[in-house]
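Content type mmCIF, C-alpha atoms and all ligand atoms, from the file work_5.cif:
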data_entry
#
loop_
_atom_site.label_atom_id
_atom_site.label_comp_id
_atom_site.auth_asym_id
_atom_site.auth_seq_id
_atom_site.Cartn_x
_atom_site.Cartn_y
_atom_site.Cartn_z
CA MET A 294 30.58 12.50 10.08
CA LYS A 295 29.40 10.00 7.49
CA ASN A 296 26.98 7.43 8.89
CA THR A 297 28.05 3.89 8.08
CA VAL A 298 27.07 0.35 8.95
CA LEU A 299 29.19 0.87 12.08
CA THR A 300 26.93 3.76 13.14
CA PHE A 301 24.00 1.35 12.96
CA LYS A 302 25.88 -1.31 14.96
CA LYS A 303 26.91 1.19 17.63
CA ALA A 304 23.37 2.61 17.89
CA LYS A 305 21.99 -0.86 18.62
CA GLU A 306 24.69 -1.53 21.21
CA GLU A 307 24.18 1.82 22.93
CA GLY A 308 20.40 1.97 22.61
CA THR A 309 20.47 5.19 20.56
CA LYS A 310 17.50 5.53 18.20
CA LEU A 311 18.27 5.61 14.48
CA THR A 312 16.47 7.90 12.04
CA MET A 313 15.75 7.23 8.39
CA LEU A 314 13.64 9.14 5.86
CA THR A 315 12.88 8.48 2.23
CA ALA A 316 14.08 10.89 -0.46
CA TYR A 317 14.19 10.69 -4.22
CA ASP A 318 15.84 13.94 -5.33
CA TYR A 319 18.88 16.12 -4.63
CA SER A 320 17.18 19.13 -3.00
CA THR A 321 15.12 17.16 -0.48
CA ALA A 322 18.03 14.87 0.35
CA ARG A 323 20.25 17.91 0.98
CA LEU A 324 17.75 19.31 3.52
CA MET A 325 17.48 15.96 5.30
CA ASP A 326 21.23 15.54 5.36
CA GLU A 327 21.66 19.02 6.82
CA ALA A 328 18.97 18.24 9.41
CA GLY A 329 21.12 15.32 10.56
CA VAL A 330 19.16 12.20 9.61
CA ASN A 331 21.22 9.00 9.98
CA SER A 332 20.08 7.45 6.74
CA ILE A 333 18.20 8.31 3.57
CA LEU A 334 16.22 5.56 1.90
CA VAL A 335 15.68 5.86 -1.83
CA GLY A 336 12.56 3.76 -1.52
CA ASP A 337 10.74 2.12 -4.39
CA SER A 338 7.82 4.05 -2.90
CA LEU A 339 8.99 6.50 -5.56
CA GLY A 340 6.65 4.47 -7.77
CA ASN A 341 3.74 5.88 -5.74
CA VAL A 342 4.86 9.31 -4.57
CA ILE A 343 7.04 10.41 -7.51
CA LEU A 344 5.85 8.47 -10.55
CA GLY A 345 2.15 8.16 -9.63
CA TYR A 346 1.81 4.38 -10.04
CA GLU A 347 -0.79 2.61 -7.92
CA ASP A 348 1.87 0.25 -6.52
CA THR A 349 5.63 -0.29 -6.64
CA LEU A 350 5.66 -3.14 -9.16
CA SER A 351 6.50 -1.10 -12.28
CA VAL A 352 9.55 0.60 -10.78
CA THR A 353 12.71 -0.35 -12.71
CA ILE A 354 16.35 -0.66 -11.77
CA GLU A 355 17.01 2.35 -14.06
CA ASP A 356 14.45 4.42 -12.08
CA MET A 357 16.21 3.50 -8.85
CA ILE A 358 19.69 4.27 -10.19
CA HIS A 359 18.56 7.64 -11.55
CA HIS A 360 17.00 8.80 -8.27
CA CYS A 361 19.64 7.23 -6.04
CA ALA A 362 22.44 9.05 -7.89
CA ALA A 363 20.66 12.38 -7.26
CA VAL A 364 20.22 11.62 -3.56
CA SER A 365 23.79 10.37 -3.19
CA ARG A 366 25.15 13.65 -4.56
CA ALA A 367 23.43 15.44 -1.65
CA ALA A 368 24.07 12.99 1.18
CA LYS A 369 27.31 14.13 2.77
CA ASN A 370 26.65 12.42 6.11
CA ALA A 371 23.54 10.27 5.75
CA LEU A 372 23.94 6.63 4.77
CA VAL A 373 22.13 6.16 1.45
CA VAL A 374 20.14 2.93 1.20
CA CYS A 375 18.60 2.12 -2.17
CA ASP A 376 15.67 -0.24 -2.66
CA MET A 377 16.03 -3.16 -5.04
CA PRO A 378 12.87 -2.97 -7.17
CA PHE A 379 10.44 -5.82 -7.83
CA MET A 380 12.00 -8.63 -9.91
CA SER A 381 15.54 -7.28 -9.68
CA TYR A 382 16.63 -9.89 -7.09
CA GLU A 383 14.07 -12.69 -7.06
CA VAL A 384 15.09 -14.69 -10.15
CA SER A 385 18.63 -15.67 -9.17
CA VAL A 386 21.51 -14.82 -6.87
CA GLU A 387 23.55 -13.82 -9.93
CA GLU A 388 20.94 -11.34 -11.17
CA ALA A 389 20.47 -9.95 -7.67
CA LEU A 390 24.20 -9.42 -7.34
CA LYS A 391 24.47 -7.69 -10.71
CA ASN A 392 21.57 -5.35 -9.95
CA ALA A 393 22.75 -4.56 -6.43
CA GLY A 394 26.16 -3.81 -7.95
CA ARG A 395 24.57 -1.33 -10.36
CA LEU A 396 22.85 0.49 -7.49
CA MET A 397 26.24 0.83 -5.78
CA LYS A 398 28.34 1.68 -8.88
CA GLU A 399 25.91 3.84 -10.88
CA GLY A 400 23.55 5.03 -8.11
CA ARG A 401 26.39 5.47 -5.60
CA ALA A 402 24.25 3.84 -2.89
CA ASN A 403 25.99 2.94 0.37
CA ALA A 404 23.71 -0.07 0.87
CA VAL A 405 20.74 -1.81 -0.72
CA LYS A 406 17.41 -2.97 0.73
CA LEU A 407 15.31 -5.91 -0.38
CA GLU A 408 11.92 -7.23 0.68
CA GLY A 409 11.47 -10.77 1.99
CA GLY A 410 12.96 -13.18 4.51
CA GLU A 411 14.61 -16.59 4.65
CA GLU A 412 13.93 -17.27 0.94
CA TYR A 413 16.32 -14.44 -0.04
CA ALA A 414 19.06 -15.29 2.45
CA PRO A 415 21.30 -16.62 -0.39
CA GLN A 416 21.00 -13.27 -2.20
CA VAL A 417 21.78 -11.34 1.00
CA ARG A 418 24.79 -13.53 1.76
CA ALA A 419 26.19 -13.17 -1.77
CA MET A 420 25.81 -9.38 -1.70
CA VAL A 421 27.48 -9.01 1.68
CA ASN A 422 30.32 -11.28 0.52
CA ALA A 423 30.72 -9.03 -2.52
CA GLY A 424 31.00 -5.90 -0.33
CA ILE A 425 27.40 -4.71 -0.61
CA PRO A 426 25.74 -3.92 2.74
CA VAL A 427 22.13 -5.11 2.88
CA VAL A 428 19.04 -3.98 4.79
CA GLY A 429 16.22 -6.54 5.02
CA HIS A 430 12.52 -5.65 4.93
CA LEU A 431 9.83 -7.75 6.62
CA GLY A 432 6.15 -7.48 7.52
CA LEU A 433 4.11 -5.57 4.98
CA THR A 434 6.27 -5.90 1.88
CA PRO A 435 4.50 -3.77 -0.77
CA GLN A 436 6.11 -5.62 -3.70
CA ALA A 437 4.10 -8.68 -2.56
CA VAL A 438 0.81 -6.76 -2.50
CA ASN A 439 -0.85 -9.26 -4.84
CA VAL A 440 0.14 -12.24 -2.71
CA LEU A 441 -0.80 -10.49 0.53
CA GLY A 442 -4.18 -9.47 -0.88
CA GLY A 443 -3.64 -5.78 -0.18
CA ASN A 444 -1.51 -3.52 1.96
CA ARG A 445 -2.52 -4.82 5.37
CA ILE A 446 -1.01 -5.35 8.84
CA GLN A 447 1.12 -8.51 8.98
CA GLY A 448 2.10 -10.94 11.74
CA LYS A 449 -1.18 -11.06 13.63
CA SER A 450 -1.48 -14.86 13.93
CA VAL A 451 0.89 -17.12 15.91
CA GLU A 452 2.05 -18.74 12.68
CA ALA A 453 2.69 -15.43 10.91
CA ALA A 454 4.46 -13.96 13.95
CA ARG A 455 6.70 -17.05 14.25
CA LYS A 456 7.56 -16.81 10.53
CA LEU A 457 8.56 -13.15 10.93
CA ILE A 458 10.85 -13.93 13.87
CA LYS A 459 12.42 -16.78 11.86
CA ASP A 460 12.85 -14.52 8.82
CA ALA A 461 14.50 -11.79 10.88
CA LYS A 462 16.98 -14.31 12.29
CA ALA A 463 17.67 -15.68 8.80
CA LEU A 464 18.40 -12.18 7.48
CA GLU A 465 20.67 -11.45 10.42
CA GLU A 466 22.46 -14.76 9.90
CA ALA A 467 22.89 -14.01 6.16
CA GLY A 468 24.62 -10.74 7.04
CA ALA A 469 21.95 -8.01 6.78
CA PHE A 470 23.10 -5.05 8.90
CA ALA A 471 19.57 -3.76 9.63
CA ILE A 472 15.97 -4.87 9.11
CA VAL A 473 12.99 -2.67 8.26
CA LEU A 474 9.78 -3.86 9.95
CA GLU A 475 6.69 -2.49 8.22
CA CYS A 476 3.14 -2.56 9.60
CA ILE A 477 3.35 -5.25 12.22
CA PRO A 478 2.02 -5.14 15.80
CA GLY A 479 4.24 -3.14 18.15
CA GLU A 480 4.58 -6.05 20.58
CA LEU A 481 5.89 -8.34 17.83
CA ALA A 482 8.33 -5.68 16.58
CA SER A 483 9.70 -5.37 20.13
CA ILE A 484 10.18 -9.14 20.34
CA ILE A 485 12.00 -9.23 16.99
CA THR A 486 14.13 -6.26 18.07
CA LYS A 487 15.24 -8.19 21.16
CA GLU A 488 15.82 -11.41 19.22
CA VAL A 489 18.26 -9.99 16.64
CA SER A 490 21.59 -8.26 17.15
CA VAL A 491 21.11 -5.91 14.19
CA PRO A 492 18.96 -2.77 14.44
CA THR A 493 15.31 -2.87 13.43
CA ILE A 494 13.89 0.19 11.69
CA GLY A 495 10.15 0.45 12.08
CA ILE A 496 7.40 1.97 9.98
CA GLY A 497 4.05 1.23 11.55
CA ALA A 498 5.80 -1.12 13.98
CA GLY A 499 5.70 0.86 17.22
CA ALA A 500 8.27 2.48 19.47
CA GLY A 501 10.11 -0.71 20.40
CA CYS A 502 12.20 -0.71 17.21
CA ASP A 503 15.79 0.54 17.19
CA GLY A 504 14.90 3.27 14.72
CA GLN A 505 12.12 4.72 12.60
CA VAL A 506 11.58 5.45 8.92
CA LEU A 507 8.87 7.52 7.25
CA VAL A 508 8.02 8.43 3.67
CA TYR A 509 8.63 12.18 3.65
CA GLN A 510 5.58 13.10 1.57
CA ASP A 511 3.42 11.41 4.23
CA MET A 512 5.09 13.12 7.20
CA LEU A 513 4.94 16.54 5.53
CA GLY A 514 1.31 16.30 4.40
CA ILE A 515 2.22 16.28 0.70
CA SER A 516 1.00 12.84 -0.41
CA GLY A 517 -2.58 13.14 0.81
CA PHE A 518 -1.97 9.78 2.54
CA LYS A 519 -2.29 9.76 6.33
CA PRO A 520 -1.93 6.24 7.69
CA LYS A 521 -2.46 5.70 11.46
CA PHE A 522 1.26 5.09 12.01
CA CYS A 523 2.39 8.32 10.40
CA LYS A 524 2.73 11.57 12.33
CA GLN A 525 2.47 14.66 10.15
CA TYR A 526 5.16 17.09 11.27
CA ALA A 527 4.01 19.88 8.95
CA GLN A 528 1.36 20.64 6.35
CA ILE A 529 3.70 21.48 3.48
CA GLY A 530 1.16 20.34 0.91
CA GLU A 531 -1.23 23.16 1.94
CA ILE A 532 1.62 25.70 1.97
CA MET A 533 2.67 24.62 -1.53
CA LYS A 534 -0.89 24.80 -2.86
CA GLU A 535 -1.34 28.32 -1.40
CA ALA A 536 1.95 29.44 -2.94
CA PHE A 537 1.01 28.01 -6.36
CA ALA A 538 -2.37 29.77 -6.18
CA SER A 539 -0.72 33.11 -5.21
CA TYR A 540 1.70 32.84 -8.13
CA ILE A 541 -1.14 32.11 -10.55
CA ARG A 542 -3.24 35.03 -9.22
CA GLU A 543 -0.34 37.53 -9.17
CA THR A 544 0.78 36.55 -12.67
CA GLN A 545 -2.74 36.90 -14.02
CA GLU A 546 -3.14 40.28 -12.28
CA GLY A 547 0.25 41.55 -13.51
CA VAL A 548 1.60 41.85 -9.94
CA PHE A 549 4.37 39.37 -10.69
CA PRO A 550 7.04 39.94 -11.87
CA SER A 551 7.59 43.28 -10.16
CA GLU A 552 10.55 45.63 -10.68
CA GLU A 553 12.57 43.78 -8.09
CA ASN A 554 12.23 40.58 -10.14
CA THR A 555 13.24 42.27 -13.43
CA PHE A 556 16.67 42.83 -15.02
CA THR A 557 17.43 46.28 -16.50
CA VAL A 558 19.71 47.66 -19.19
CA ASP A 559 21.28 51.15 -19.56
CA ALA A 560 18.95 53.67 -21.21
CA GLU A 561 21.60 54.56 -23.83
CA VAL A 562 21.67 50.99 -25.04
CA LEU A 563 17.93 51.16 -25.55
CA GLU A 564 18.23 54.49 -27.35
CA LYS A 565 20.77 53.03 -29.80
CA LEU A 566 18.42 50.24 -30.73
CA TYR A 567 16.42 52.45 -33.13
O1 LIG B 1 9.89 2.16 -0.40
C1 LIG B 1 9.85 2.64 0.75
O2 LIG B 1 9.64 3.85 0.95
C2 LIG B 1 10.04 1.74 1.88
C3 LIG B 1 9.72 2.28 3.24
C4 LIG B 1 8.25 2.32 3.41
C5 LIG B 1 10.38 1.51 4.30
O3 LIG B 1 10.41 0.63 1.69
#
When written as structure tokens, how does the structure in this file appear?
Amino acid sequence: MKNTVLTFKKAKEEGTKLTMLTAYDYSTARLMDEAGVNSILVGDSLGNVILGYEDTLSVTIEDMIHHCAAVSRAAKNALVVCDMPFMSYEVSVEEALKNAGRLMKEGRANAVKLEGGEEYAPQVRAMVNAGIPVVGHLGLTPQAVNVLGGNRIQGKSVEAARKLIKDAKALEEAGAFAIVLECIPGELASIITKEVSVPTIGIGAGAGCDGQVLVYQDMLGISGFKPKFCKQYAQIGEIMKEAFASYIRETQEGVFPSEENTFTVDAEVLEKLY
């Protein structure tokens, strides 16, 4: 059954943990969907793990639409959430609405996600009023890397923790149906989770959140990035490298392609060629 905003609401009410993974292409999204993940996030982390940028700032709305459309074609049951890239929602409510609309119409997203708190409540409210479900994103917000002075844990001081709680409440009040909490202390994430009626989805925010999200290249050992909060469920990167090396060796040695990988034609056709 297709996961919807109601699935998220019910999960919070019943205390069932929600699962979310990032994906950026059809094939990976299909595997995740078949595995039964509740939601697929087309994260702007695609700037790092797909496009090879050092941060997410250069990702465009066209990039997001392109990858989201591919993921949406595969997601039969998972709720597809698409990130609003840097500078696609900050300038004005009108621009935010237009760009979120494009992610829904052209990218076929089921919901959008944006980074930031209280200051973007007008954007969130306008989107929800226009029929666009919104996920908030607080804590380490990678689009603000230059303001934060690096990708570091957030909410460690009383002031910062209070601001995060206030932001979460503002997003809830504006109509966000879920809030991603990235890289904040587990105790603070648990407090926020209790303070809001919408589910929190944690990444580096401990077990007290209502759900978890991971970047799939990190959890499969593909990205070469192993932050403390990420559990690697497989070492697919090593398996891929070994397979690439075997292909190169076998091709160079003439082992591949073998007869079983080769098409044939009737001998009489060959004879008639000359
Ligand atoms: O872009 C992304 O992948 C994200 C997750 C880290 C939550 O926003």
Selection as JSON, numbers by chain: residues within 6 Å of ligand LIG 1 (chain B) by only C-alpha atoms and all ligand atoms:
{"A": [315, 336, 337, 338, 508]}
Tell me which of A:Cys523, A:Ile446, A:Ala463, A:Met380 sits closest to Val352 in chain A, counting all atoms listed in the file.
A:Met380
Polymer residues at most 6 Å from range 411-417 of chain A, all atoms listed in the file, same-chain spacing of 6 or more positions, as a PDB file with C-alpha atoms, keeping the file's coordinate frame:
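Contents of the output file out.pdb:
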ATOM      1  CA  VAL A 386      21.510 -14.820  -6.870  1.00  0.00           C
ATOM      2  CA  ASP A 460      12.850 -14.520   8.820  1.00  0.00           C
ATOM      3  CA  ALA A 463      17.670 -15.680   8.800  1.00  0.00           C
ATOM      4  CA  LEU A 464      18.400 -12.180   7.480  1.00  0.00           C
ATOM      5  CA  ALA A 467      22.890 -14.010   6.160  1.00  0.00           C
TER       6      ALA A 467
END
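In this model, the gap between CA of Leu299 in chain A and CA of Thr312 in chain A comes to 14.5 Å.
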Between CA of Tyr382 in chain A and CA of Ala362 in chain A, what distance in Å does the model show, to one decimal?
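These atoms are spaced 19.8 Å apart.
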